[in-house]
file protein.pdb (PDB, C-alpha atoms)
ATOM      1  CA  ARG N 151       0.000   0.000   0.000
ATOM      2  CA  ILE N 152       2.764   2.492   0.899
ATOM      3  CA  PRO N 153       4.758   2.218  -2.390
ATOM      4  CA  ALA N 154       1.511   2.346  -4.369
ATOM      5  CA  ALA N 155       0.350   5.439  -2.493
ATOM      6  CA  HIS N 156       3.706   7.130  -3.038
ATOM      7  CA  GLY N 157       3.620   6.249  -6.725
ATOM      8  CA  ARG N 158       0.232   7.955  -7.041
ATOM      9  CA  GLY N 159       1.549  11.049  -5.269
ATOM     10  CA  GLU N 160      -0.559  10.364  -2.193
ATOM     11  CA  PRO N 161       0.842  11.213   1.265
ATOM     12  CA  PHE N 162       2.023   8.840   3.958
ATOM     13  CA  TYR N 163       3.996   9.418   7.121
ATOM     14  CA  LEU N 164       6.682   7.711   9.161
ATOM     15  CA  TYR N 165       6.304   6.914  12.850
ATOM     16  CA  THR N 166       9.052   5.734  15.155
ATOM     17  CA  GLY N 167       9.938   6.305  18.785
ATOM     18  CA  ARG N 168      12.369   6.158  21.659
ATOM     19  CA  GLY N 169      12.061   5.430  25.360
ATOM     20  CA  ALA N 170      14.929   7.159  27.174
ATOM     21  CA  SER N 171      16.147   5.235  30.223
ATOM     22  CA  SER N 172      19.506   7.040  30.101
ATOM     23  CA  PRO N 173      20.718  10.461  28.900
ATOM     24  CA  ASN N 174      23.129   8.682  26.533
ATOM     25  CA  MET N 175      22.226   6.794  23.361
ATOM     26  CA  HIS N 176      24.344   3.965  21.988
ATOM     27  CA  MET N 177      24.857   2.629  18.479
ATOM     28  CA  GLY N 178      21.972   0.186  18.810
ATOM     29  CA  HIS N 179      19.595   3.045  19.583
ATOM     30  CA  LEU N 180      20.859   5.131  16.689
ATOM     31  CA  VAL N 181      20.619   2.561  13.875
ATOM     32  CA  PRO N 182      16.781   2.699  13.565
ATOM     33  CA  PHE N 183      16.913   6.500  13.443
ATOM     34  CA  MET N 184      19.626   6.425  10.783
ATOM     35  CA  PHE N 185      17.343   4.228   8.697
ATOM     36  CA  THR N 186      14.329   6.452   9.385
ATOM     37  CA  LYS N 187      16.359   9.473   8.280
ATOM     38  CA  TYR N 188      17.175   7.647   5.036
ATOM     39  CA  LEU N 189      13.472   6.966   4.457
ATOM     40  CA  GLN N 190      12.492  10.567   5.147
ATOM     41  CA  ASP N 191      15.114  11.837   2.708
ATOM     42  CA  ALA N 192      14.185   9.256   0.056
ATOM     43  CA  PHE N 193      10.438   9.859   0.159
ATOM     44  CA  GLY N 194      10.254  13.442   1.402
ATOM     45  CA  CYS N 195       7.570  12.408   3.879
ATOM     46  CA  PRO N 196       6.612  13.712   7.323
ATOM     47  CA  LEU N 197       7.796  11.927  10.453
ATOM     48  CA  VAL N 198       6.455  11.711  13.993
ATOM     49  CA  VAL N 199       8.761  10.536  16.805
ATOM     50  CA  GLN N 200       7.142   9.407  20.048
ATOM     51  CA  MET N 201       9.249   9.886  23.183
ATOM     52  CA  THR N 202       7.791   7.512  25.772
ATOM     53  CA  ASP N 203       8.766   9.273  28.983
ATOM     54  CA  ASP N 204       5.576   7.875  30.553
ATOM     55  CA  GLU N 205       6.734   4.316  29.789
ATOM     56  CA  LYS N 206      10.040   4.857  31.617
ATOM     57  CA  TYR N 207       8.170   6.290  34.599
ATOM     58  CA  LEU N 208       5.905   3.217  34.687
ATOM     59  CA  TRP N 209       8.531   0.518  34.106
ATOM     60  CA  LYS N 210      11.926   1.897  35.126
ATOM     61  CA  GLY N 211      11.003   3.741  38.299
ATOM     62  CA  LEU N 212      12.306   7.096  37.049
ATOM     63  CA  ASP N 213      10.763  10.182  38.588
ATOM     64  CA  MET N 214       9.060  12.480  36.091
ATOM     65  CA  ARG N 215      11.734  15.157  36.246
ATOM     66  CA  THR N 216      14.492  12.663  35.440
ATOM     67  CA  ALA N 217      12.400  11.039  32.705
ATOM     68  CA  ARG N 218      11.942  14.449  31.095
ATOM     69  CA  GLU N 219      15.671  15.253  31.317
ATOM     70  CA  TYR N 220      16.616  11.938  29.725
ATOM     71  CA  MET N 221      13.979  12.424  27.055
ATOM     72  CA  ARG N 222      15.315  15.826  25.998
ATOM     73  CA  GLU N 223      18.912  14.612  25.909
ATOM     74  CA  ASN N 224      17.862  11.735  23.652
ATOM     75  CA  VAL N 225      15.964  14.179  21.443
ATOM     76  CA  ARG N 226      19.223  16.108  21.107
ATOM     77  CA  ASP N 227      20.883  12.958  19.744
ATOM     78  CA  ILE N 228      18.007  12.339  17.331
ATOM     79  CA  ILE N 229      18.060  15.902  15.967
ATOM     80  CA  ALA N 230      21.841  15.631  15.489
ATOM     81  CA  LEU N 231      21.222  13.055  12.753
ATOM     82  CA  GLY N 232      19.926  15.838  10.542
ATOM     83  CA  PHE N 233      16.156  15.419  10.440
ATOM     84  CA  ASP N 234      14.192  18.128   8.628
ATOM     85  CA  VAL N 235      12.394  20.281  11.210
ATOM     86  CA  SER N 236       9.753  21.307   8.650
ATOM     87  CA  ARG N 237       8.691  17.652   8.274
ATOM     88  CA  THR N 238       9.501  16.225  11.721
ATOM     89  CA  PHE N 239       7.384  16.394  14.863
ATOM     90  CA  ILE N 240       8.950  14.967  18.035
ATOM     91  CA  PHE N 241       6.623  14.694  21.003
ATOM     92  CA  SER N 242       6.663  13.638  24.640
ATOM     93  CA  ASP N 243       3.764  11.432  25.712
ATOM     94  CA  LEU N 244       3.451  13.362  28.967
ATOM     95  CA  GLU N 245       3.232  16.681  27.097
ATOM     96  CA  TYR N 246       1.144  15.663  24.052
ATOM     97  CA  MET N 247      -1.295  13.286  25.741
ATOM     98  CA  GLY N 248      -4.243  15.686  25.602
ATOM     99  CA  ARG N 249      -4.245  15.557  21.797
ATOM    100  CA  LEU N 250      -3.333  11.875  21.639
ATOM    101  CA  TYR N 251      -5.906  10.742  24.193
ATOM    102  CA  PRO N 252      -9.009  10.343  21.986
ATOM    103  CA  ASN N 253      -7.280   7.651  19.928
ATOM    104  CA  VAL N 254      -5.720   6.128  23.038
ATOM    105  CA  VAL N 255      -9.202   5.633  24.478
ATOM    106  CA  ARG N 256     -10.508   4.209  21.202
ATOM    107  CA  VAL N 257      -7.766   1.561  21.219
ATOM    108  CA  GLN N 258      -8.252   0.817  24.908
ATOM    109  CA  ARG N 259     -11.938   0.041  24.380
ATOM    110  CA  ALA N 260     -11.109  -2.246  21.437
ATOM    111  CA  VAL N 261      -8.622  -4.459  23.360
ATOM    112  CA  THR N 262      -9.711  -6.672  26.247
ATOM    113  CA  ALA N 263      -7.655  -7.363  29.361
ATOM    114  CA  ASN N 264      -7.376 -11.015  28.307
ATOM    115  CA  GLN N 265      -5.940  -9.960  24.953
ATOM    116  CA  ALA N 266      -3.456  -7.595  26.613
ATOM    117  CA  ARG N 267      -2.391 -10.339  29.027
ATOM    118  CA  GLY N 268      -1.844 -12.777  26.170
ATOM    119  CA  ILE N 269       0.111 -10.292  24.036
ATOM    120  CA  PHE N 270       2.265  -8.586  26.663
ATOM    121  CA  GLY N 271       2.362 -11.040  29.553
ATOM    122  CA  PHE N 272       0.859  -8.677  32.127
ATOM    123  CA  THR N 273       0.057 -10.145  35.534
ATOM    124  CA  GLY N 274      -1.782  -9.081  38.642
ATOM    125  CA  ALA N 275       1.461  -7.482  39.827
ATOM    126  CA  SER N 276       1.649  -5.194  36.779
ATOM    127  CA  ASN N 277       0.565  -1.649  37.585
ATOM    128  CA  ILE N 278      -2.522  -0.361  35.756
ATOM    129  CA  GLY N 279      -0.409   2.146  33.861
ATOM    130  CA  GLN N 280       1.495  -0.717  32.252
ATOM    131  CA  TRP N 281      -1.763  -2.390  31.225
ATOM    132  CA  ALA N 282      -2.915   0.869  29.624
ATOM    133  CA  PHE N 283       0.340   1.795  27.896
ATOM    134  CA  PRO N 284       0.082  -0.322  24.689
ATOM    135  CA  ALA N 285      -2.779   1.895  23.524
ATOM    136  CA  VAL N 286      -0.529   4.930  23.974
ATOM    137  CA  GLN N 287       2.068   3.425  21.654
ATOM    138  CA  ALA N 288      -0.626   2.418  19.167
ATOM    139  CA  ALA N 289      -2.318   5.820  18.859
ATOM    140  CA  PRO N 290       0.378   7.612  16.784
ATOM    141  CA  SER N 291      -0.178   4.972  14.067
ATOM    142  CA  PHE N 292      -3.339   6.894  13.135
ATOM    143  CA  CYS N 293      -3.009  10.236  11.371
ATOM    144  CA  SER N 294      -5.987  11.722  13.248
ATOM    145  CA  SER N 295      -3.698  11.864  16.308
ATOM    146  CA  PHE N 296      -1.934  14.784  14.590
ATOM    147  CA  PRO N 297      -4.545  17.294  13.370
ATOM    148  CA  HIS N 298      -1.894  20.026  13.140
ATOM    149  CA  MET N 299      -0.267  17.913  10.423
ATOM    150  CA  PHE N 300      -3.136  16.129   8.676
ATOM    151  CA  GLY N 301      -6.155  18.257   9.475
ATOM    152  CA  ALA N 302      -9.398  16.264   9.662
ATOM    153  CA  ARG N 303      -8.109  13.380   7.548
ATOM    154  CA  THR N 304      -8.246   9.827   8.867
ATOM    155  CA  ASP N 305      -6.946   8.016   5.778
ATOM    156  CA  VAL N 306      -3.238   8.938   5.568
ATOM    157  CA  PRO N 307      -1.301   5.658   5.909
ATOM    158  CA  CYS N 308       1.584   5.193   8.328
ATOM    159  CA  LEU N 309       4.877   3.319   7.874
ATOM    160  CA  ILE N 310       6.609   2.219  11.084
ATOM    161  CA  PRO N 311      10.329   1.317  11.001
ATOM    162  CA  GLN N 312      10.702  -0.733  14.171
ATOM    163  CA  ALA N 313      12.900  -3.072  16.158
ATOM    164  CA  ILE N 314      11.567  -6.604  16.299
ATOM    165  CA  ASP N 315      10.848  -6.384  20.046
ATOM    166  CA  GLN N 316       8.191  -3.749  19.321
ATOM    167  CA  ASP N 317       6.240  -6.064  17.027
ATOM    168  CA  PRO N 318       3.567  -7.109  19.595
ATOM    169  CA  TYR N 319       2.441  -3.497  19.972
ATOM    170  CA  PHE N 320       1.857  -3.015  16.278
ATOM    171  CA  ARG N 321       0.333  -6.417  15.589
ATOM    172  CA  MET N 322      -2.245  -5.375  18.165
ATOM    173  CA  THR N 323      -2.580  -2.009  16.420
ATOM    174  CA  ARG N 324      -3.114  -3.604  13.014
ATOM    175  CA  ASP N 325      -5.777  -5.839  14.525
ATOM    176  CA  VAL N 326      -7.838  -2.981  15.966
ATOM    177  CA  ALA N 327      -7.362  -0.433  13.149
ATOM    178  CA  PRO N 328     -10.186  -1.679  10.858
ATOM    179  CA  ARG N 329     -12.620  -1.801  13.776
ATOM    180  CA  LEU N 330     -11.875   1.860  14.443
ATOM    181  CA  GLY N 331     -12.291   2.782  10.782
ATOM    182  CA  TYR N 332      -8.585   3.502  10.384
ATOM    183  CA  VAL N 333      -5.902   2.369   7.946
ATOM    184  CA  LYS N 334      -3.672  -0.442   9.190
ATOM    185  CA  PRO N 335      -0.095   0.790   9.741
ATOM    186  CA  ALA N 336       2.593  -0.831   7.599
ATOM    187  CA  LEU N 337       5.551  -2.290   9.510
ATOM    188  CA  LEU N 338       9.208  -2.449   8.533
ATOM    189  CA  HIS N 339      11.265  -4.676  10.840
ATOM    190  CA  SER N 340      14.956  -4.041  11.402
ATOM    191  CA  LYS N 341      17.544  -6.798  11.536
ATOM    192  CA  PHE N 342      18.762  -7.631  15.040
ATOM    193  CA  PHE N 343      21.773  -5.498  16.011
ATOM    194  CA  PRO N 344      24.008  -7.509  18.350
ATOM    195  CA  ALA N 345      25.787  -6.316  21.460
ATOM    196  CA  LEU N 346      29.560  -6.247  21.431
ATOM    197  CA  THR N 347      29.608  -9.214  23.786
ATOM    198  CA  GLY N 348      28.008 -11.722  21.435
ATOM    199  CA  PRO N 349      25.669 -12.348  18.500
ATOM    200  CA  ASN N 350      22.710 -13.338  20.676
ATOM    201  CA  SER N 351      23.173 -10.730  23.393
ATOM    202  CA  LYS N 352      21.424  -7.386  23.748
ATOM    203  CA  MET N 353      22.981  -4.002  24.362
ATOM    204  CA  SER N 354      22.236  -2.685  27.819
ATOM    205  CA  ALA N 355      22.607   0.787  29.265
ATOM    206  CA  SER N 356      23.660  -0.866  32.530
ATOM    207  CA  VAL N 357      26.434  -2.950  30.906
ATOM    208  CA  ALA N 358      28.968  -0.524  29.436
ATOM    209  CA  ALA N 359      30.974  -3.291  27.757
ATOM    210  CA  SER N 360      27.978  -4.330  25.661
ATOM    211  CA  ALA N 361      27.697  -1.118  23.641
ATOM    212  CA  ILE N 362      29.446   1.795  22.004
ATOM    213  CA  TYR N 363      27.874   5.016  23.248
ATOM    214  CA  MET N 364      27.662   8.053  21.037
ATOM    215  CA  SER N 365      29.519   9.935  23.788
ATOM    216  CA  ASP N 366      32.462   7.475  23.897
ATOM    217  CA  SER N 367      35.966   8.774  23.200
ATOM    218  CA  PRO N 368      38.237   7.200  20.549
ATOM    219  CA  LYS N 369      40.219   5.555  23.362
ATOM    220  CA  GLN N 370      37.068   4.069  24.908
ATOM    221  CA  ILE N 371      35.927   2.764  21.535
ATOM    222  CA  LYS N 372      39.279   1.131  20.831
ATOM    223  CA  THR N 373      39.358  -0.491  24.266
ATOM    224  CA  LYS N 374      35.781  -1.791  24.049
ATOM    225  CA  VAL N 375      36.167  -3.258  20.575
ATOM    226  CA  ASN N 376      39.544  -4.853  21.234
ATOM    227  CA  LYS N 377      38.612  -6.189  24.668
ATOM    228  CA  HIS N 378      34.911  -7.033  24.441
ATOM    229  CA  ALA N 379      33.878  -7.492  20.790
ATOM    230  CA  PHE N 380      33.072 -11.190  20.354
ATOM    231  CA  SER N 381      35.236 -12.804  17.695
ATOM    232  CA  GLY N 382      34.431 -15.657  15.365
ATOM    233  CA  GLY N 383      38.101 -16.064  14.543
ATOM    234  CA  GLY N 384      40.338 -18.960  15.498
ATOM    235  CA  GLU N 385      41.753 -19.154  19.013
ATOM    236  CA  THR N 386      45.281 -19.169  17.630
ATOM    237  CA  LEU N 387      46.928 -17.608  14.596
ATOM    238  CA  GLU N 388      47.370 -21.053  13.089
ATOM    239  CA  GLU N 389      43.671 -21.937  13.516
ATOM    240  CA  GLN N 390      42.607 -18.651  11.983
ATOM    241  CA  ARG N 391      44.872 -19.107   8.978
ATOM    242  CA  GLU N 392      43.704 -22.677   8.473
ATOM    243  CA  HIS N 393      39.955 -22.412   9.075
ATOM    244  CA  GLY N 394      39.146 -18.722   8.798
ATOM    245  CA  ALA N 395      36.554 -16.884  10.891
ATOM    246  CA  ASN N 396      32.970 -17.893  11.594
ATOM    247  CA  LEU N 397      31.355 -14.795  10.099
ATOM    248  CA  ALA N 398      27.889 -15.675  11.422
ATOM    249  CA  VAL N 399      28.944 -15.080  15.032
ATOM    250  CA  ASP N 400      31.735 -12.526  14.590
ATOM    251  CA  VAL N 401      30.487  -9.229  16.042
ATOM    252  CA  PRO N 402      33.032  -6.840  14.432
ATOM    253  CA  TYR N 403      32.211  -8.269  10.993
ATOM    254  CA  ASN N 404      28.465  -8.003  11.608
ATOM    255  CA  TRP N 405      28.775  -4.426  12.864
ATOM    256  CA  LEU N 406      30.552  -3.593   9.602
ATOM    257  CA  ARG N 407      27.486  -4.937   7.815
ATOM    258  CA  PHE N 408      25.512  -2.080   9.380
ATOM    259  CA  PHE N 409      28.005   0.773   9.187
ATOM    260  CA  LEU N 410      30.337   0.203   6.229
ATOM    261  CA  ASP N 411      28.891   1.984   3.194
ATOM    262  CA  ASP N 412      31.281   0.408   0.669
ATOM    263  CA  ASP N 413      29.664  -2.910  -0.324
ATOM    264  CA  GLU N 414      32.703  -4.023  -2.295
ATOM    265  CA  GLN N 415      35.007  -3.445   0.671
ATOM    266  CA  PHE N 416      32.599  -5.334   2.941
ATOM    267  CA  ALA N 417      32.456  -8.276   0.529
ATOM    268  CA  ASP N 418      36.264  -8.298   0.293
ATOM    269  CA  ILE N 419      36.613  -8.310   4.090
ATOM    270  CA  GLY N 420      34.136 -11.182   4.330
ATOM    271  CA  ALA N 421      35.979 -13.247   1.735
ATOM    272  CA  ARG N 422      39.432 -12.647   3.214
ATOM    273  CA  TYR N 423      38.384 -12.951   6.862
ATOM    274  CA  GLY N 424      36.298 -16.049   6.221
ATOM    275  CA  SER N 425      39.169 -17.741   4.380
ATOM    276  CA  GLY N 426      41.806 -16.981   7.011
ATOM    277  CA  GLU N 427      43.721 -14.430   4.963
ATOM    278  CA  MET N 428      42.589 -11.605   7.246
ATOM    279  CA  LEU N 429      42.945 -11.664  11.037
ATOM    280  CA  THR N 430      40.563 -10.572  13.787
ATOM    281  CA  GLY N 431      42.771  -7.661  14.793
ATOM    282  CA  GLU N 432      42.674  -6.287  11.258
ATOM    283  CA  VAL N 433      38.875  -6.439  11.120
ATOM    284  CA  LYS N 434      38.598  -4.800  14.527
ATOM    285  CA  LYS N 435      40.917  -2.018  13.328
ATOM    286  CA  VAL N 436      38.592  -1.303  10.374
ATOM    287  CA  LEU N 437      35.609  -1.199  12.735
ATOM    288  CA  ILE N 438      37.352   1.017  15.292
ATOM    289  CA  ASP N 439      38.320   3.584  12.650
ATOM    290  CA  LEU N 440      34.762   3.589  11.315
ATOM    291  CA  LEU N 441      33.124   3.964  14.753
ATOM    292  CA  VAL N 442      35.505   6.733  15.774
ATOM    293  CA  ASP N 443      34.610   8.655  12.607
ATOM    294  CA  ILE N 444      30.859   8.175  13.149
ATOM    295  CA  THR N 445      30.930   9.195  16.827
ATOM    296  CA  ARG N 446      33.164  12.222  16.226
ATOM    297  CA  LYS N 447      30.826  13.548  13.558
ATOM    298  CA  HIS N 448      27.798  12.828  15.742
ATOM    299  CA  GLN N 449      29.311  14.518  18.787
ATOM    300  CA  ALA N 450      30.104  17.623  16.737
ATOM    301  CA  ALA N 451      26.557  17.719  15.333
ATOM    302  CA  ARG N 452      25.065  17.112  18.773
ATOM    303  CA  ALA N 453      27.044  20.012  20.254
ATOM    304  CA  ARG N 454      25.325  22.313  17.754
ATOM    305  CA  VAL N 455      21.816  21.278  18.872
ATOM    306  CA  THR N 456      20.510  23.981  21.206
ATOM    307  CA  ASP N 457      17.587  23.866  23.632
ATOM    308  CA  SER N 458      15.665  26.182  21.311
ATOM    309  CA  MET N 459      16.141  23.697  18.458
ATOM    310  CA  ILE N 460      14.718  20.933  20.663
ATOM    311  CA  ASP N 461      11.747  23.171  21.472
ATOM    312  CA  ALA N 462      11.218  23.861  17.759
ATOM    313  CA  PHE N 463      11.047  20.163  16.847
ATOM    314  CA  MET N 464       8.661  19.510  19.757
ATOM    315  CA  GLN N 465       6.360  22.463  19.258
ATOM    316  CA  VAL N 466       2.803  21.705  18.171
ATOM    317  CA  ARG N 467       2.682  23.836  15.050
ATOM    318  CA  HIS N 468       0.975  24.011  11.671
ATOM    319  CA  MET N 469       2.714  21.435   9.482
ATOM    320  CA  PRO N 470       0.733  20.996   6.269
ATOM    321  CA  CYS N 471       1.434  17.381   5.319
ATOM    322  CA  GLN N 472      -1.733  16.573   3.383
TER     323      GLN N 472
END

call {"tool": "encode", "arguments": {"input": "protein.pdb", "output": "structure tokens"}}
result
Amino acid sequence: RIPAAHGRGEPFYLYTGRGASSPNMHMGHLVPFMFTKYLQDAFGCPLVVQMTDDEKYLWKGLDMRTAREYMRENVRDIIALGFDVSRTFIFSDLEYMGRLYPNVVRVQRAVTANQARGIFGFTGASNIGQWAFPAVQAAPSFCSSFPHMFGARTDVPCLIPQAIDQDPYFRMTRDVAPRLGYVKPALLHSKFFPALTGPNSKMSASVAASAIYMSDSPKQIKTKVNKHAFSGGGETLEEQREHGANLAVDVPYNWLRFFLDDDEQFADIGARYGSGEMLTGEVKKVLIDLLVDITRKHQAARARVTDSMIDAFMQVRHMPCQ
């Protein structure tokens, strides 16, 4: 539906989000926004970014002041990627809820407690805010949640670039959309981005060794990659030369898959590393140089993002996107 609509010159919008449990974002957080930025540039479409400060209050035990501080610092990182302020609306749930609430209530009435329990695993120990939250995440999927962008329209479709762990929310949303008279959102799942510590591990804000933060120095990046990045190479030089690396589990190689723009160089590294011609240290060196360049550029861009720029992106304003 989305490509067809675009081909006919009809509008659609992007929707993604971020729940800030820390003032610092790491590479895993940034990848979905990099992809969203690519989509916005490619299609010239509007974007809404939901900052779920309410979610972090309900689940992480943050007080509201801290949740707001973390939210704004994460918004600073998002803006630093170069999103177009004329086509991008970033909003805090706690601040925008009055306008979002009609669709939140519509979704809440359409989903039973038994359905919510089955989808999200809620129990009697879950607070009632947690039970209610999925409807909050669902509501931005419907263009009528943003009348300052789409006026009275209810038919502008939504494309959601998302991490796979968010899929239950939007399967629920797609289920209820027709019953509310709305268009089902289209979903675009991102490939799993592994932690430094292993292909099946997840980056954690509480485990510094698992991630590269956008605030890390070149020295920190070099130390983390060399010390903690899980290798699929042989345990000895002889084993590596003879058998090559297991590319499926090698984290430095798989991070290059995300960040190295040169496809020919990536293919060459894969062939040489997989055959034993290239060593783990050489691959890590390529990754370190790449990450240092990305973080330096991001840090410089982030330093130019002022509080007034954050306010501009978050202001409810006339944004004709019809």

call {"tool": "residues_around", "arguments": {"input": "protein.pdb", "residues": "N:Ala327", "least_positions_apart": "3", "cutoff": "10 Å", "atoms": "all atoms listed in the file", "output": "PDB file with C-alpha atoms, in the coordinates of the input"}}
result
ATOM      1  CA  ARG N 256     -10.508   4.209  21.202  1.00  0.00           C
ATOM      2  CA  VAL N 257      -7.766   1.561  21.219  1.00  0.00           C
ATOM      3  CA  ALA N 260     -11.109  -2.246  21.437  1.00  0.00           C
ATOM      4  CA  ALA N 288      -0.626   2.418  19.167  1.00  0.00           C
ATOM      5  CA  ALA N 289      -2.318   5.820  18.859  1.00  0.00           C
ATOM      6  CA  SER N 291      -0.178   4.972  14.067  1.00  0.00           C
ATOM      7  CA  PHE N 292      -3.339   6.894  13.135  1.00  0.00           C
ATOM      8  CA  MET N 322      -2.245  -5.375  18.165  1.00  0.00           C
ATOM      9  CA  THR N 323      -2.580  -2.009  16.420  1.00  0.00           C
ATOM     10  CA  ARG N 324      -3.114  -3.604  13.014  1.00  0.00           C
ATOM     11  CA  LEU N 330     -11.875   1.860  14.443  1.00  0.00           C
ATOM     12  CA  GLY N 331     -12.291   2.782  10.782  1.00  0.00           C
ATOM     13  CA  TYR N 332      -8.585   3.502  10.384  1.00  0.00           C
ATOM     14  CA  VAL N 333      -5.902   2.369   7.946  1.00  0.00           C
ATOM     15  CA  LYS N 334      -3.672  -0.442   9.190  1.00  0.00           C
ATOM     16  CA  PRO N 335      -0.095   0.790   9.741  1.00  0.00           C
TER      17      PRO N 335
END

call {"tool": "axis_aligned_box", "arguments": {"input": "protein.pdb", "around": "stretch 283-301 of chain N", "padding_each_side": "4 Å", "output": "JSON"}}
result
{"center_x": -2.0, "center_y": 9.9, "center_z": 18.3, "size_x": 16.2, "size_y": 28.3, "size_z": 27.2}

call {"tool": "resolve_selection", "arguments": {"input": "protein.pdb", "expression": "the PyMOL selection byres ((chain N and resi 156) around 12)", "output": "MDAnalysis selection string"}}
result
chainID N and resid 151:155 157:163 192:195 306:309

call {"tool": "residues_around", "arguments": {"input": "protein.pdb", "residues": "stretch 450-462 of chain N", "least_positions_apart": "5", "cutoff": "7 Å", "atoms": "all atoms listed in the file", "output": "VMD selection string"}}
result
chain N and resid 225 to 227 230

call {"tool": "resolve_selection", "arguments": {"input": "protein.pdb", "expression": "the PyMOL selection byres ((chain N and resi 318) around 12)", "output": "JSON, numbers by chain"}}
result
{"N": [265, 266, 267, 268, 269, 270, 271, 284, 285, 287, 288, 312, 313, 314, 315, 316, 317, 319, 320, 321, 322, 323, 324, 325, 337, 339]}

call {"tool": "write_last_selection", "arguments": {"input": "protein.pdb", "atoms": "C-alpha atoms", "output": "short mmCIF file (atom, residue, chain, number, x, y, z; two decimals), in the frame of the given file"}}
result
data_model
loop_
_atom_site.label_atom_id
_atom_site.label_comp_id
_atom_site.auth_asym_id
_atom_site.auth_seq_id
_atom_site.Cartn_x
_atom_site.Cartn_y
_atom_site.Cartn_z
CA GLN N 265 -5.94 -9.96 24.95
CA ALA N 266 -3.46 -7.60 26.61
CA ARG N 267 -2.39 -10.34 29.03
CA GLY N 268 -1.84 -12.78 26.17
CA ILE N 269 0.11 -10.29 24.04
CA PHE N 270 2.26 -8.59 26.66
CA GLY N 271 2.36 -11.04 29.55
CA PRO N 284 0.08 -0.32 24.69
CA ALA N 285 -2.78 1.90 23.52
CA GLN N 287 2.07 3.42 21.65
CA ALA N 288 -0.63 2.42 19.17
CA GLN N 312 10.70 -0.73 14.17
CA ALA N 313 12.90 -3.07 16.16
CA ILE N 314 11.57 -6.60 16.30
CA ASP N 315 10.85 -6.38 20.05
CA GLN N 316 8.19 -3.75 19.32
CA ASP N 317 6.24 -6.06 17.03
CA TYR N 319 2.44 -3.50 19.97
CA PHE N 320 1.86 -3.02 16.28
CA ARG N 321 0.33 -6.42 15.59
CA MET N 322 -2.24 -5.38 18.16
CA THR N 323 -2.58 -2.01 16.42
CA ARG N 324 -3.11 -3.60 13.01
CA ASP N 325 -5.78 -5.84 14.52
CA LEU N 337 5.55 -2.29 9.51
CA HIS N 339 11.26 -4.68 10.84
#

call {"tool": "resolve_selection", "arguments": {"input": "protein.pdb", "expression": "the PyMOL selection byres ((chain N and resi 183) around 12)", "output": "MDAnalysis selection string"}}
result
chainID N and resid 164:168 175:182 184:190 197:199 224:225 227:233 310:313 340

call {"tool": "closest_residue", "arguments": {"input": "protein.pdb", "among": "N:Val401, N:Gln280, N:Val466, N:Cys471", "to": "N:Glu245", "atoms": "all atoms listed in the file"}}
result
N:Val466

call {"tool": "residues_around", "arguments": {"input": "protein.pdb", "residues": "N:Pro290", "least_positions_apart": "4", "cutoff": "8 Å", "atoms": "all atoms listed in the file", "output": "PyMOL selection string"}}
result
chain N and resi 165+198+200+250+286+295-296

call {"tool": "write_last_selection", "arguments": {"input": "protein.pdb", "atoms": "C-alpha atoms", "output": "compact mmCIF listing (two decimals), keeping the file's coordinate frame"}}
result
# COMPACT_ATOMS: atom_id res chain seq x y z
CA TYR N 165 6.30 6.91 12.85
CA VAL N 198 6.46 11.71 13.99
CA GLN N 200 7.14 9.41 20.05
CA LEU N 250 -3.33 11.88 21.64
CA VAL N 286 -0.53 4.93 23.97
CA SER N 295 -3.70 11.86 16.31
CA PHE N 296 -1.93 14.78 14.59

call {"tool": "residues_around", "arguments": {"input": "protein.pdb", "residues": "N:Glu427", "least_positions_apart": "4", "cutoff": "8 Å", "atoms": "only C-alpha atoms", "output": "ChimeraX atom specification"}}
result
/N:391,394,422-423

call {"tool": "atom_distance", "arguments": {"input": "protein.pdb", "atom1": "atom CA of N:Ala395", "atom2": "atom CA of N:Ala358"}}
result
25.9 Å

call {"tool": "atom_distance", "arguments": {"input": "protein.pdb", "atom1": "atom CA of N:Ile240", "atom2": "atom CA of N:Met299"}}
result
12.3 Å

call {"tool": "residues_around", "arguments": {"input": "protein.pdb", "residues": "N:Met353", "least_positions_apart": "3", "cutoff": "10 Å", "atoms": "only C-alpha atoms", "output": "PDB file with C-alpha atoms, in the frame of the given file"}}
result
ATOM      1  CA  HIS N 176      24.344   3.965  21.988  1.00  0.00           C
ATOM      2  CA  MET N 177      24.857   2.629  18.479  1.00  0.00           C
ATOM      3  CA  GLY N 178      21.972   0.186  18.810  1.00  0.00           C
ATOM      4  CA  HIS N 179      19.595   3.045  19.583  1.00  0.00           C
ATOM      5  CA  PHE N 343      21.773  -5.498  16.011  1.00  0.00           C
ATOM      6  CA  PRO N 344      24.008  -7.509  18.350  1.00  0.00           C
ATOM      7  CA  ALA N 345      25.787  -6.316  21.460  1.00  0.00           C
ATOM      8  CA  LEU N 346      29.560  -6.247  21.431  1.00  0.00           C
ATOM      9  CA  THR N 347      29.608  -9.214  23.786  1.00  0.00           C
ATOM     10  CA  GLY N 348      28.008 -11.722  21.435  1.00  0.00           C
ATOM     11  CA  SER N 356      23.660  -0.866  32.530  1.00  0.00           C
ATOM     12  CA  VAL N 357      26.434  -2.950  30.906  1.00  0.00           C
ATOM     13  CA  ALA N 358      28.968  -0.524  29.436  1.00  0.00           C
ATOM     14  CA  ALA N 359      30.974  -3.291  27.757  1.00  0.00           C
ATOM     15  CA  SER N 360      27.978  -4.330  25.661  1.00  0.00           C
ATOM     16  CA  ALA N 361      27.697  -1.118  23.641  1.00  0.00           C
ATOM     17  CA  ILE N 362      29.446   1.795  22.004  1.00  0.00           C
TER      18      ILE N 362
END

call {"tool": "closest_residue", "arguments": {"input": "protein.pdb", "among": "N:Asp234, N:Asp243, N:Asp412, N:Glu389", "to": "N:Met214", "atoms": "all atoms listed in the file"}}
result
N:Asp243
